[in-house]
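Undergrad: I'm passing along model_6.tsv; it holds TSV, C-alpha atoms.
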chain	number	residue	atom	x	y	z
E	1	MET	CA	2.99	3.46	-2.83
E	2	LYS	CA	0.56	5.08	-0.47
E	3	LEU	CA	-3.00	3.86	-0.03
E	4	ARG	CA	-4.98	7.07	0.38
E	5	LEU	CA	-8.15	5.72	1.94
E	6	PHE	CA	-7.56	6.43	5.61
E	7	ALA	CA	-10.17	8.83	6.87
E	8	GLY	CA	-10.25	10.72	10.12
E	9	VAL	CA	-6.48	10.99	10.57
E	10	SER	CA	-5.45	14.16	12.36
E	11	ALA	CA	-3.71	16.79	10.30
E	12	LEU	CA	-0.01	17.03	10.96
E	13	VAL	CA	1.71	20.14	12.16
E	14	VAL	CA	4.71	21.27	10.19
E	15	THR	CA	7.67	22.30	12.28
E	16	ALA	CA	8.10	26.01	11.78
E	17	GLY	CA	11.04	27.63	10.07
E	18	LEU	CA	12.12	24.71	7.89
E	19	SER	CA	13.47	25.22	4.41
E	20	ALA	CA	12.23	23.08	1.55
E	21	CYS	CA	15.49	21.13	1.43
E	22	SER	CA	18.09	21.08	4.16
E	23	SER	CA	20.50	18.48	5.44
E	24	SER	CA	21.51	18.10	9.06
E	25	SER	CA	23.82	20.71	10.55
E	26	ASP	CA	25.08	21.86	13.91
E	27	THR	CA	22.81	24.13	15.94
E	28	SER	CA	24.01	27.17	17.86
E	29	ASP	CA	24.54	25.05	20.96
E	30	GLY	CA	26.55	22.43	19.10
E	31	ASN	CA	23.78	19.83	18.78
E	32	THR	CA	23.03	18.02	15.53
E	33	ALA	CA	19.88	19.23	13.76
E	34	LEU	CA	18.34	16.21	12.04
E	35	ASP	CA	15.98	17.13	9.21
E	36	VAL	CA	13.26	14.61	8.42
E	37	TRP	CA	10.59	14.52	5.72
E	38	LEU	CA	7.45	12.58	6.62
E	39	MET	CA	4.37	12.31	4.45
E	40	ARG	CA	0.93	13.78	5.03
E	41	ASP	CA	-1.25	11.44	7.12
E	42	SER	CA	1.50	8.90	7.77
E	43	VAL	CA	1.38	9.68	11.49
E	44	SER	CA	-0.86	11.73	13.73
E	45	ASP	CA	0.34	14.95	15.31
E	46	ARG	CA	0.29	13.31	18.75
E	47	PHE	CA	2.36	10.33	17.61
E	48	ARG	CA	4.92	12.58	15.94
E	49	LYS	CA	5.32	14.72	19.04
E	50	ASP	CA	5.57	11.69	21.33
E	51	PHE	CA	8.22	10.03	19.19
E	52	VAL	CA	10.33	13.16	18.76
E	53	LYS	CA	10.18	13.95	22.48
E	54	SER	CA	11.24	10.40	23.38
E	55	PHE	CA	13.98	10.31	20.74
E	56	GLU	CA	15.50	13.62	21.78
E	57	ALA	CA	15.43	12.59	25.45
E	58	ALA	CA	17.30	9.40	24.59
E	59	HIS	CA	19.75	11.26	22.32
E	60	PRO	CA	20.35	14.68	23.90
E	61	GLY	CA	22.82	15.68	21.20
E	62	ILE	CA	20.25	15.48	18.39
E	63	GLU	CA	17.42	17.89	17.64
E	64	VAL	CA	14.79	16.52	15.25
E	65	LYS	CA	13.01	18.82	12.83
E	66	VAL	CA	10.11	17.22	10.93
E	67	GLN	CA	8.67	18.69	7.75
E	68	ILE	CA	5.42	17.27	6.39
E	69	GLN	CA	5.30	16.65	2.64
E	70	GLU	CA	2.33	16.24	0.32
E	71	TRP	CA	2.05	13.08	-1.78
E	72	ASP	CA	1.22	14.97	-4.96
E	73	GLY	CA	4.48	15.83	-6.69
E	74	ILE	CA	6.70	14.20	-4.06
E	75	GLY	CA	8.60	12.12	-6.62
E	76	GLU	CA	9.89	15.17	-8.44
E	77	LYS	CA	10.66	16.96	-5.17
E	78	VAL	CA	12.71	14.08	-3.76
E	79	THR	CA	14.54	13.59	-7.06
E	80	ALA	CA	15.47	17.28	-7.11
E	81	ALA	CA	16.61	17.20	-3.47
E	82	LEU	CA	18.83	14.16	-4.06
E	83	ALA	CA	20.36	15.73	-7.16
E	84	SER	CA	21.05	19.03	-5.39
E	85	GLY	CA	23.12	17.45	-2.64
E	86	ASP	CA	21.03	19.43	-0.13
E	87	ALA	CA	18.58	16.71	0.85
E	88	PRO	CA	17.09	16.08	4.29
E	89	ASP	CA	18.63	13.37	6.47
E	90	VAL	CA	15.68	10.97	6.46
E	91	ILE	CA	12.88	10.72	3.91
E	92	GLU	CA	9.66	8.73	4.02
E	93	THR	CA	8.90	7.44	0.56
E	94	GLY	CA	6.23	5.20	-0.92
E	95	ASN	CA	7.55	1.64	-1.00
E	96	THR	CA	7.36	1.37	-4.79
E	97	GLN	CA	9.24	4.68	-5.25
E	98	VAL	CA	12.50	3.49	-3.70
E	99	ALA	CA	13.92	1.99	-6.90
E	100	GLN	CA	13.39	5.28	-8.72
E	101	PHE	CA	15.38	7.20	-6.12
E	102	ALA	CA	18.04	4.51	-5.64
E	103	GLN	CA	18.77	4.50	-9.36
E	104	SER	CA	20.06	8.07	-9.07
E	105	GLY	CA	22.79	7.00	-6.64
E	106	GLY	CA	21.52	9.44	-4.03
E	107	LEU	CA	20.49	6.93	-1.33
E	108	LEU	CA	22.61	5.29	1.33
E	109	ASP	CA	23.06	1.53	0.98
E	110	LEU	CA	21.79	0.00	4.24
E	111	SER	CA	22.32	-3.65	3.33
E	112	ASP	CA	24.72	-4.18	6.25
E	113	LYS	CA	22.00	-3.07	8.68
E	114	VAL	CA	19.30	-5.54	7.64
E	115	GLY	CA	20.19	-8.14	10.28
E	116	GLU	CA	20.35	-5.59	13.08
E	117	LEU	CA	16.97	-4.20	12.06
E	118	GLY	CA	15.26	-7.60	12.07
E	119	GLY	CA	15.00	-7.83	8.32
E	120	LYS	CA	14.24	-11.55	8.30
E	121	ASP	CA	10.77	-10.72	9.63
E	122	TRP	CA	10.01	-7.72	7.40
E	123	LEU	CA	6.87	-7.76	5.28
E	124	LYS	CA	8.10	-8.71	1.84
E	125	GLY	CA	5.73	-6.20	0.23
E	126	LEU	CA	7.76	-3.44	1.89
E	127	ALA	CA	11.21	-5.01	1.95
E	128	GLU	CA	11.40	-6.21	-1.64
E	129	PRO	CA	10.59	-2.87	-3.31
E	130	GLY	CA	12.94	-1.21	-0.80
E	131	ALA	CA	15.82	-3.06	-2.45
E	132	PHE	CA	17.37	-2.21	-5.80
E	133	GLU	CA	19.93	-4.25	-7.73
E	134	GLY	CA	20.60	-6.44	-4.73
E	135	LYS	CA	21.10	-3.66	-2.19
E	136	GLN	CA	18.70	-2.53	0.55
E	137	TYR	CA	18.02	1.20	0.48
E	138	GLY	CA	14.52	1.40	1.95
E	139	ILE	CA	13.76	0.30	5.50
E	140	PRO	CA	10.13	-0.86	5.95
E	141	TYR	CA	8.12	1.70	7.90
E	142	TYR	CA	4.44	0.66	7.83
E	143	ALA	CA	2.03	-1.16	5.55
E	144	ALA	CA	-1.56	-0.97	4.44
E	145	ASN	CA	-3.45	-3.21	2.05
E	146	ARG	CA	-6.91	-4.02	0.83
E	147	VAL	CA	-9.45	-6.18	2.63
E	148	VAL	CA	-13.12	-6.94	2.07
E	149	VAL	CA	-15.38	-4.37	3.72
E	150	TYR	CA	-18.84	-5.86	4.16
E	151	ARG	CA	-22.31	-5.06	5.47
E	152	THR	CA	-22.87	-7.17	8.58
E	153	ASP	CA	-26.66	-6.74	8.42
E	154	LEU	CA	-26.94	-7.82	4.79
E	155	PHE	CA	-24.75	-10.85	5.44
E	156	GLU	CA	-26.95	-11.82	8.39
E	157	GLU	CA	-30.16	-11.39	6.39
E	158	ALA	CA	-28.75	-13.59	3.63
E	159	GLY	CA	-27.57	-16.22	6.10
E	160	VAL	CA	-23.93	-15.76	5.11
E	161	ASP	CA	-21.26	-16.27	7.75
E	162	PRO	CA	-18.21	-14.12	6.88
E	163	ALA	CA	-15.97	-16.31	9.05
E	164	ALA	CA	-16.76	-19.21	6.75
E	165	ILE	CA	-15.45	-17.39	3.66
E	166	ARG	CA	-11.91	-18.74	3.50
E	167	THR	CA	-11.51	-19.56	-0.19
E	168	ARG	CA	-12.24	-17.81	-3.46
E	169	ASP	CA	-14.92	-20.39	-4.32
E	170	GLN	CA	-16.65	-19.69	-1.01
E	171	TRP	CA	-16.39	-15.96	-1.73
E	172	ILE	CA	-18.08	-16.40	-5.09
E	173	ALA	CA	-20.86	-18.52	-3.55
E	174	ALA	CA	-21.47	-15.94	-0.81
E	175	SER	CA	-21.44	-13.01	-3.23
E	176	ARG	CA	-23.88	-14.79	-5.51
E	177	LYS	CA	-26.24	-15.32	-2.58
E	178	LEU	CA	-25.96	-11.65	-1.59
E	179	ASN	CA	-26.50	-10.44	-5.16
E	180	THR	CA	-30.28	-10.37	-5.13
E	181	GLY	CA	-33.00	-7.83	-5.85
E	182	ASP	CA	-31.59	-4.31	-5.77
E	183	THR	CA	-28.63	-5.32	-3.58
E	184	GLN	CA	-25.25	-5.81	-5.26
E	185	GLY	CA	-23.37	-8.83	-3.96
E	186	ILE	CA	-20.14	-6.91	-4.45
E	187	TYR	CA	-19.32	-3.56	-6.00
E	188	LEU	CA	-16.14	-4.15	-8.01
E	189	PRO	CA	-15.32	-1.49	-10.61
E	190	GLY	CA	-13.97	-2.85	-13.86
E	191	GLN	CA	-10.59	-1.11	-13.66
E	192	ASN	CA	-9.57	-1.98	-10.10
E	193	TRP	CA	-6.22	-3.28	-11.30
E	194	TYR	CA	-4.66	-3.67	-7.85
E	195	THR	CA	-7.34	-6.24	-7.05
E	196	LEU	CA	-6.67	-8.00	-10.35
E	197	ALA	CA	-2.97	-8.11	-9.49
E	198	GLY	CA	-3.76	-10.04	-6.32
E	199	PHE	CA	-5.65	-12.70	-8.28
E	200	VAL	CA	-2.79	-12.92	-10.78
E	201	TRP	CA	-0.29	-13.43	-7.95
E	202	ASP	CA	-2.58	-16.05	-6.40
E	203	GLU	CA	-2.28	-18.05	-9.61
E	204	GLY	CA	1.51	-17.80	-9.64
E	205	GLY	CA	1.64	-15.14	-12.33
E	206	ASP	CA	2.91	-11.56	-12.35
E	207	LEU	CA	2.36	-8.25	-14.10
E	208	ALA	CA	5.81	-8.29	-15.67
E	209	THR	CA	8.98	-10.37	-15.47
E	210	GLU	CA	12.66	-9.56	-15.94
E	211	SER	CA	15.23	-11.50	-17.93
E	212	GLY	CA	18.67	-10.41	-19.01
E	213	GLY	CA	18.09	-6.86	-17.88
E	214	LYS	CA	14.93	-6.47	-19.94
E	215	TRP	CA	11.38	-6.38	-18.61
E	216	LYS	CA	8.45	-8.03	-20.35
E	217	GLY	CA	4.75	-7.72	-19.65
E	218	SER	CA	3.32	-11.06	-18.54
E	219	LEU	CA	-0.45	-10.64	-18.42
E	220	ASP	CA	-0.66	-13.12	-21.32
E	221	THR	CA	0.67	-16.08	-19.32
E	222	PRO	CA	-1.79	-18.87	-18.45
E	223	GLU	CA	-1.46	-17.97	-14.75
E	224	ALA	CA	-2.29	-14.30	-15.28
E	225	ILE	CA	-5.21	-15.13	-17.55
E	226	ARG	CA	-6.67	-17.39	-14.84
E	227	GLY	CA	-6.47	-14.41	-12.49
E	228	MET	CA	-8.41	-12.34	-15.02
E	229	GLU	CA	-11.03	-15.06	-15.37
E	230	PHE	CA	-11.67	-15.00	-11.62
E	231	TYR	CA	-11.88	-11.20	-11.63
E	232	LYS	CA	-14.52	-11.33	-14.36
E	233	LYS	CA	-16.56	-13.91	-12.45
E	234	LEU	CA	-16.48	-11.86	-9.24
E	235	GLN	CA	-17.12	-8.53	-10.95
E	236	ALA	CA	-20.30	-9.90	-12.54
E	237	LEU	CA	-21.88	-10.33	-9.07
E	238	GLY	CA	-22.64	-6.64	-8.85
E	239	ARG	CA	-23.17	-3.64	-11.06
E	240	GLY	CA	-19.76	-2.00	-10.92
E	241	PRO	CA	-18.92	0.02	-14.05
E	242	LYS	CA	-16.67	-1.83	-16.48
E	243	ASP	CA	-14.87	1.27	-17.74
E	244	SER	CA	-13.75	3.08	-14.57
E	245	ASP	CA	-11.86	2.44	-11.36
E	246	GLU	CA	-12.66	2.58	-7.64
E	247	ALA	CA	-12.25	6.37	-7.55
E	248	ASN	CA	-14.76	7.15	-10.34
E	249	PRO	CA	-17.22	7.24	-8.69
E	250	PRO	CA	-15.67	6.77	-5.24
E	251	GLN	CA	-16.69	3.26	-4.25
E	252	ALA	CA	-17.20	4.24	-0.61
E	253	ASP	CA	-19.83	6.72	-1.79
E	254	VAL	CA	-21.57	3.97	-3.74
E	255	MET	CA	-21.60	1.66	-0.72
E	256	ALA	CA	-22.96	4.46	1.45
E	257	LYS	CA	-26.15	4.46	-0.61
E	258	GLY	CA	-27.07	1.22	1.17
E	259	LYS	CA	-27.36	-1.27	-1.68
E	260	VAL	CA	-23.87	-2.81	-1.73
E	261	ALA	CA	-22.92	-5.84	0.36
E	262	GLN	CA	-19.12	-5.69	-0.17
E	263	ILE	CA	-16.28	-3.64	-1.57
E	264	VAL	CA	-12.54	-4.30	-1.78
E	265	SER	CA	-10.83	-1.42	0.03
E	266	SER	CA	-8.45	-0.48	2.77
E	267	PRO	CA	-10.27	-0.44	6.14
E	268	GLY	CA	-10.22	3.34	6.11
E	269	GLY	CA	-12.78	3.22	3.33
E	270	ALA	CA	-15.34	2.15	5.95
E	271	ASN	CA	-14.90	5.49	7.70
E	272	THR	CA	-15.87	7.28	4.50
E	273	VAL	CA	-18.94	5.06	4.09
E	274	VAL	CA	-20.14	5.98	7.58
E	275	GLU	CA	-19.38	9.67	7.08
E	276	ASN	CA	-21.67	9.64	4.04
E	277	ASN	CA	-24.32	7.48	5.71
E	278	PRO	CA	-24.25	7.54	9.55
E	279	ALA	CA	-27.02	4.93	9.59
E	280	LEU	CA	-24.38	2.35	8.62
E	281	LYS	CA	-22.35	2.90	11.77
E	282	ASP	CA	-21.69	-0.46	13.46
E	283	LYS	CA	-22.92	-2.26	10.34
E	284	LEU	CA	-19.58	-2.70	8.62
E	285	GLY	CA	-17.09	-5.51	9.10
E	286	PHE	CA	-13.84	-6.73	7.55
E	287	PHE	CA	-12.26	-9.97	6.40
E	288	PRO	CA	-9.07	-10.72	4.46
E	289	ILE	CA	-9.37	-11.23	0.71
E	290	PRO	CA	-9.78	-15.02	0.38
E	291	GLY	CA	-7.16	-17.16	-1.29
E	292	LYS	CA	-7.42	-20.21	-3.53
E	293	THR	CA	-7.20	-22.48	-0.49
E	294	ALA	CA	-8.35	-22.01	3.08
E	295	ASP	CA	-4.84	-22.18	4.53
E	296	THR	CA	-3.48	-19.18	2.59
E	297	PRO	CA	-5.14	-15.74	2.35
E	298	GLY	CA	-5.37	-14.04	-1.00
E	299	ALA	CA	-2.37	-12.15	-2.31
E	300	VAL	CA	-2.63	-8.37	-2.00
E	301	PHE	CA	-0.74	-5.34	-3.15
E	302	THR	CA	1.10	-3.95	-0.14
E	303	GLY	CA	0.93	-0.19	0.00
E	304	GLY	CA	2.82	1.80	2.57
E	305	SER	CA	6.14	3.46	3.12
E	306	ASP	CA	9.86	2.90	3.59
E	307	LEU	CA	12.41	5.23	5.18
E	308	VAL	CA	15.55	6.13	3.24
E	309	ILE	CA	18.70	8.08	4.08
E	310	PRO	CA	20.19	10.32	1.37
E	311	THR	CA	23.93	10.07	0.85
E	312	ALA	CA	23.97	13.87	1.21
E	313	SER	CA	23.01	13.62	4.89
E	314	ALA	CA	25.57	15.48	6.96
E	315	ASP	CA	25.15	13.02	9.84
E	316	GLN	CA	24.34	9.59	8.52
E	317	ASP	CA	24.88	7.97	11.93
E	318	ALA	CA	22.22	10.16	13.56
E	319	ALA	CA	19.91	9.56	10.60
E	320	TYR	CA	20.34	5.82	10.95
E	321	THR	CA	19.63	6.01	14.68
E	322	PHE	CA	16.37	7.80	13.90
E	323	VAL	CA	15.39	5.17	11.33
E	324	ARG	CA	16.35	2.30	13.62
E	325	GLU	CA	14.16	3.54	16.46
E	326	LEU	CA	11.12	4.55	14.39
E	327	THR	CA	11.12	1.15	12.64
E	328	GLY	CA	11.97	-0.79	15.80
E	329	ASP	CA	9.48	-3.00	17.62
E	330	THR	CA	8.57	-0.56	20.39
E	331	TRP	CA	7.49	2.30	18.17
E	332	GLN	CA	6.10	0.03	15.45
E	333	LYS	CA	3.59	-1.36	17.95
E	334	LYS	CA	2.62	2.15	19.03
E	335	LEU	CA	2.29	3.31	15.43
E	336	ALA	CA	0.09	0.35	14.52
E	337	VAL	CA	-2.30	1.06	17.39
E	338	ALA	CA	-2.33	4.82	16.81
E	339	MET	CA	-2.90	4.69	13.06
E	340	SER	CA	-4.47	1.26	12.39
E	341	TYR	CA	-1.51	0.36	10.20
E	342	VAL	CA	0.14	-3.01	9.73
E	343	PRO	CA	3.54	-3.09	11.49
E	344	ASN	CA	6.63	-3.66	9.37
E	345	LYS	CA	7.29	-7.18	10.70
E	346	THR	CA	5.15	-10.30	10.55
E	347	THR	CA	6.09	-10.97	14.19
E	348	LEU	CA	4.29	-7.79	15.32
E	349	SER	CA	0.83	-8.52	13.91
E	350	ASP	CA	-0.60	-9.10	17.41
E	351	ALA	CA	-0.25	-5.35	18.01
E	352	VAL	CA	-3.43	-4.76	15.98
E	353	ALA	CA	-5.39	-7.79	17.17
E	354	ALA	CA	-8.03	-5.57	18.81
E	355	ASP	CA	-8.57	-3.52	15.64
E	356	PRO	CA	-10.87	-5.46	13.26
E	357	GLY	CA	-9.81	-3.63	10.10
E	358	ALA	CA	-6.10	-3.58	10.84
E	359	SER	CA	-6.04	-7.20	11.97
E	360	ALA	CA	-7.71	-8.22	8.69
E	361	MET	CA	-5.03	-6.24	6.86
E	362	ALA	CA	-2.29	-7.95	8.84
E	363	VAL	CA	-3.50	-11.36	7.70
E	364	GLY	CA	-3.37	-10.27	4.08
E	365	ALA	CA	-0.06	-8.48	4.51
E	366	ALA	CA	1.63	-11.81	5.13
E	367	GLU	CA	0.89	-12.53	1.45
E	368	GLY	CA	1.75	-9.01	0.30
E	369	HIS	CA	3.36	-8.20	-3.02
E	370	ALA	CA	4.57	-5.09	-4.79
E	371	THR	CA	4.61	-3.96	-8.40
E	372	PRO	CA	7.74	-4.83	-10.43
E	373	ASN	CA	10.79	-3.42	-8.69
E	374	THR	CA	12.18	-1.17	-11.37
E	375	PRO	CA	12.09	2.56	-12.13
E	376	GLY	CA	10.43	1.69	-15.44
E	377	TRP	CA	7.19	0.73	-13.74
E	378	ALA	CA	6.31	4.40	-13.30
E	379	ALA	CA	5.88	4.63	-17.08
E	380	VAL	CA	3.38	1.75	-16.98
E	381	GLU	CA	1.23	3.39	-14.35
E	382	ALA	CA	1.32	6.69	-16.24
E	383	LYS	CA	-0.67	5.19	-19.14
E	384	ASN	CA	-1.87	2.05	-17.38
E	385	PRO	CA	-2.72	-0.42	-20.15
E	386	ILE	CA	-3.89	-2.82	-17.41
E	387	LYS	CA	-7.04	-0.72	-16.97
E	388	ASP	CA	-7.72	-0.83	-20.69
E	389	TYR	CA	-7.18	-4.59	-20.66
E	390	LEU	CA	-9.71	-5.07	-17.87
E	391	THR	CA	-12.36	-3.02	-19.63
E	392	ALA	CA	-11.75	-4.80	-22.92
E	393	VAL	CA	-12.21	-8.27	-21.41
E	394	LEU	CA	-15.19	-7.30	-19.26
E	395	THR	CA	-16.96	-5.88	-22.32
E	396	GLY	CA	-16.53	-9.03	-24.37
E	397	GLY	CA	-12.97	-8.96	-25.69
E	398	ASP	CA	-11.00	-12.19	-26.06
E	399	PRO	CA	-8.91	-12.53	-22.87
E	400	ARG	CA	-5.85	-13.96	-24.60
E	401	LYS	CA	-5.76	-11.42	-27.40
E	402	GLU	CA	-6.37	-8.51	-25.02
E	403	ALA	CA	-3.76	-9.83	-22.58
E	404	ALA	CA	-1.20	-10.04	-25.38
E	405	LYS	CA	-1.90	-6.41	-26.34
E	406	ALA	CA	-1.59	-5.25	-22.74
E	407	SER	CA	1.63	-7.19	-22.25
E	408	GLU	CA	3.14	-5.58	-25.34
E	409	ALA	CA	2.20	-2.14	-24.00
E	410	ILE	CA	3.73	-2.92	-20.61
E	411	THR	CA	6.92	-4.14	-22.27
E	412	ALA	CA	7.25	-0.99	-24.35
E	413	ALA	CA	6.61	1.31	-21.39
E	414	MET	CA	9.05	-0.41	-19.04
E	415	ASN	CA	11.91	-0.50	-21.52
E	416	THR	CA	11.50	2.74	-23.39
E	417	GLY	CA	9.45	4.95	-21.06
E	418	THR	CA	6.97	5.56	-23.88
Have the structure of the file written as structure tokens, please.
TA:
Amino acid sequence: MKLRLFAGVSALVVTAGLSACSSSSDTSDGNTALDVWLMRDSVSDRFRKDFVKSFEAAHPGIEVKVQIQEWDGIGEKVTAALASGDAPDVIETGNTQVAQFAQSGGLLDLSDKVGELGGKDWLKGLAEPGAFEGKQYGIPYYAANRVVVYRTDLFEEAGVDPAAIRTRDQWIAASRKLNTGDTQGIYLPGQNWYTLAGFVWDEGGDLATESGGKWKGSLDTPEAIRGMEFYKKLQALGRGPKDSDEANPPQADVMAKGKVAQIVSSPGGANTVVENNPALKDKLGFFPIPGKTADTPGAVFTGGSDLVIPTASADQDAAYTFVRELTGDTWQKKLAVAMSYVPNKTTLSDAVAADPGASAMAVGAAEGHATPNTPGWAAVEAKNPIKDYLTAVLTGGDPRKEAAKASEAITAAMNTGT
């Protein structure tokens, strides 16, 4: 799943003359034409050109043609391409979409390549959703996750040291101190369910669990309810609406008005804050979402992308070579620096050490999770009873009763698609 909060990324140039769906074929001079779909804003135009130039120089028999795809509607487009047998050779897909595409049988099983690709060091929030029924179809490409974006000046005025916020209890104490007068200690909308998920994972719970081939919503477990209790405590230290999410209104716009000390966002959200209020330039900082104990950062939902190879690719070897190099250490380090992303391996986190936002993400990414790895999860997000559950509890509903209702709705959606 793609986090869409990166601002200021250069628009990508679509290679001219590409058809909507086309697998690799021989060119007029006998070279292999490798067709690749990458997503809007996943790489800059400069990075794409540099990588393609280097790749083609190293592999003179392959010509790479990149087509940029839009996120809206991409699921249906990829599904249609895989079903038609006329798919591109390499596709970038949101990490949580891999199971949906693998279920169709249209993706190449890359399980035998995991060792060669350094899979033991992959971020689990990318690697786990890239697998389906015990086989690895998606190769981790890049990651992004949420951090705490904070006002350095407000923290200083309140005498709060962000470096000292290592646990959730310390986070609550700091937010309470910042929540004074007309300043909100934290702006946390009531329906920010990705943030709730992190607290649930911190407690050892999950959104849903699988047993005997059936999925069951699990927001009503004691662990998940403890996650909800912490969310409610934190959300009360600001004036975030209880019945909407971070996009309604856009939380970066709210922070830009100058009366919010913290938000939970990807680092790119800070760019939007400054765009709306240039006076806040150089007044924003980042730290990882705190965990229950100081030695472990808070769990986060890992957004980002995997690369997959359709079985319809006319040159699977060339496609694999492309995937291997783009996800390899050399280009992962360059991608991380160019785009402020988290590299696909925990061993590469030093690549973003000089980038405050990305380095904070990298810390959290080590504790990254994904939504339940099943095609049925799409039906949950379509109606999203988790948002309704959050609003119900925050407006006075009994947590256990509301959690049971939400779990029943999740169960029904995952198993019946209704």
Undergrad: Figure out the distance between atom CA of Lys135 of chain E and atom CA of Ala81 of chain E, please, to one decimal in Å.
TA: 21.4 Å
Undergrad: Looking at E:Gly94, E:Gly240, E:Pro343, E:Pro278, which one is nearest to Val260 of chain E, with distances taken over only C-alpha atoms?
TA: E:Gly240
Undergrad: Calculate, to one decimal in Å, the centre and edge lengths of the box along x, y and z of the file that holds all listed atoms of segment 154-158 of chain E with 8 Å of margin on each side, and present them as lines of an AutoDock Vina configuration file.
TA:
center_x = -27.5
center_y = -10.7
center_z = 6.0
size_x = 21.4
size_y = 21.8
size_z = 20.8
Undergrad: Just want the 12 Å neighbourhood of Ala83 of chain E, counted on all atoms listed in the file, with same-chain residues fewer than 4 positions away dropped. Output as a PyMOL selection string.
TA: chain E and resi 21+76-79+87-88+101-107+310-312
Undergrad: Kindly give the distance, in Å, that separates atom CA of Pro297 of chain E and atom CA of Gly198 of chain E, rounded to a single decimal.
TA: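 Atom CA of Gly198 of chain E lies at a distance of 10.5 Å from atom CA of Pro297 of chain E.
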Undergrad: As an exercise, work out the distance from atom CA of Asn145 of chain E to atom CA of Asp243 of chain E in Å and give it to one decimal place.
TA: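 Answer for the atom CA of Asn145 of chain E to atom CA of Asp243 of chain E separation: 23.3 Å.
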Undergrad: Here's a test: counting all atoms listed in the file, identify every protein, DNA and RNA residue with an atom at most 12 Å from (-11.8, 3.7, -13.2) in the file's coordinate frame, and state them as a list in words.
TA: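 Here is the list of nearby residues: Leu188, Pro189, Gly190, Gln191, Asn192, Trp193, Tyr194, Gly240, Pro241, Lys242, Asp243, Ser244, Asp245, Glu246, Ala247, Asn248, Pro249, Pro250, Gln251, Asn384, Ile386, Lys387, Asp388, Leu390 and Thr391 of chain E.
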Undergrad: Do you know which residues are at most 10 Å from Ala413 of chain E counting all atoms listed in the file, after dropping those on the same chain fewer than 4 positions away, and could you put them as a list in words?
TA: Trp215, Lys216, Gly217, Gly376, Trp377, Ala378, Ala379, Val380, Glu381, Ala382, Lys383, Asn384, Pro385, Ser407, Glu408, Ala409, Gly417 and Thr418 of chain E
Undergrad: Save out the residues we just selected, C-alpha atoms, as an mmCIF file, in the frame of the given file.
TA:
data_model
loop_
_atom_site.group_PDB
_atom_site.id
_atom_site.type_symbol
_atom_site.label_atom_id
_atom_site.label_comp_id
_atom_site.auth_asym_id
_atom_site.auth_seq_id
_atom_site.Cartn_x
_atom_site.Cartn_y
_atom_site.Cartn_z
ATOM 1 C CA TRP E 215 11.380 -6.380 -18.610
ATOM 2 C CA LYS E 216 8.450 -8.030 -20.350
ATOM 3 C CA GLY E 217 4.750 -7.720 -19.650
ATOM 4 C CA GLY E 376 10.430 1.690 -15.440
ATOM 5 C CA TRP E 377 7.190 0.730 -13.740
ATOM 6 C CA ALA E 378 6.310 4.400 -13.300
ATOM 7 C CA ALA E 379 5.880 4.630 -17.080
ATOM 8 C CA VAL E 380 3.380 1.750 -16.980
ATOM 9 C CA GLU E 381 1.230 3.390 -14.350
ATOM 10 C CA ALA E 382 1.320 6.690 -16.240
ATOM 11 C CA LYS E 383 -0.670 5.190 -19.140
ATOM 12 C CA ASN E 384 -1.870 2.050 -17.380
ATOM 13 C CA PRO E 385 -2.720 -0.420 -20.150
ATOM 14 C CA SER E 407 1.630 -7.190 -22.250
ATOM 15 C CA GLU E 408 3.140 -5.580 -25.340
ATOM 16 C CA ALA E 409 2.200 -2.140 -24.000
ATOM 17 C CA GLY E 417 9.450 4.950 -21.060
ATOM 18 C CA THR E 418 6.970 5.560 -23.880
#
Undergrad: Please produce, as a tab-separated table, a per-residue contact table for segment 53-159 of chain E versus segment 354-371 of chain E (criterion: any atom at most 9 Å away, all atoms listed in the file considered), showing the nearest atom pair and its distance in Å to one decimal, sorted by chain then residue number.
TA:
residue	atom	partner	partner_atom	distance
E:Asn95	CA	E:Ala370	CA	8.3
E:Thr96	CA	E:Thr371	CA	7.0
E:Leu123	CA	E:Ala366	CA	6.6
E:Lys124	CA	E:Gly368	CA	6.5
E:Gly125	CA	E:His369	CA	4.5
E:Leu126	CA	E:Ala370	CA	7.6
E:Glu128	CA	E:Ala370	CA	7.6
E:Pro129	CA	E:Ala370	CA	6.6
E:Ala143	CA	E:Ala365	CA	7.7
E:Ala144	CA	E:Met361	CA	6.8
E:Asn145	CA	E:Met361	CA	5.9
E:Arg146	CA	E:Met361	CA	6.7
E:Val147	CA	E:Met361	CA	6.1
E:Val148	CA	E:Ala360	CA	8.6
E:Val149	CA	E:Gly357	CA	8.5
Undergrad: Up to 6 Å from (-8.1, -9.4, -9.9) in the file's coordinates: name the residues, counting all atoms listed in the file, as a VMD selection string.
TA: chain E and resid 195 to 199 227 to 228 231
Undergrad: Using only C-alpha atoms, find the one residue out of E:Gly269, E:Gly138, E:Pro222, E:Gly303 that sits nearest to Val90 of chain E.
TA: E:Gly138
Undergrad: Set the distance at 9 Å and use all atoms listed in the file: which residues neighbour Asp121 of chain E once local chain neighbours fewer than 2 positions away are removed? I'd like the list as a PyMOL selection string.
TA: chain E and resi 118-119+123-124+344-347
Undergrad: For Asp282 of chain E, please output as a ChimeraX atom specification all residues within 12 Å (counting only C-alpha atoms; exclusion window: fewer than 6 positions along the same chain).
TA: /E:150-153,270-271,273-274,356
Undergrad: For Glu325 of chain E, which residue out of E:Gly75, E:Gly85, E:Tyr141, E:Ser175 is the nearest one, using all atoms listed in the file?
TA: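 With all atoms listed in the file as the atom set, the closest residue is E:Tyr141.
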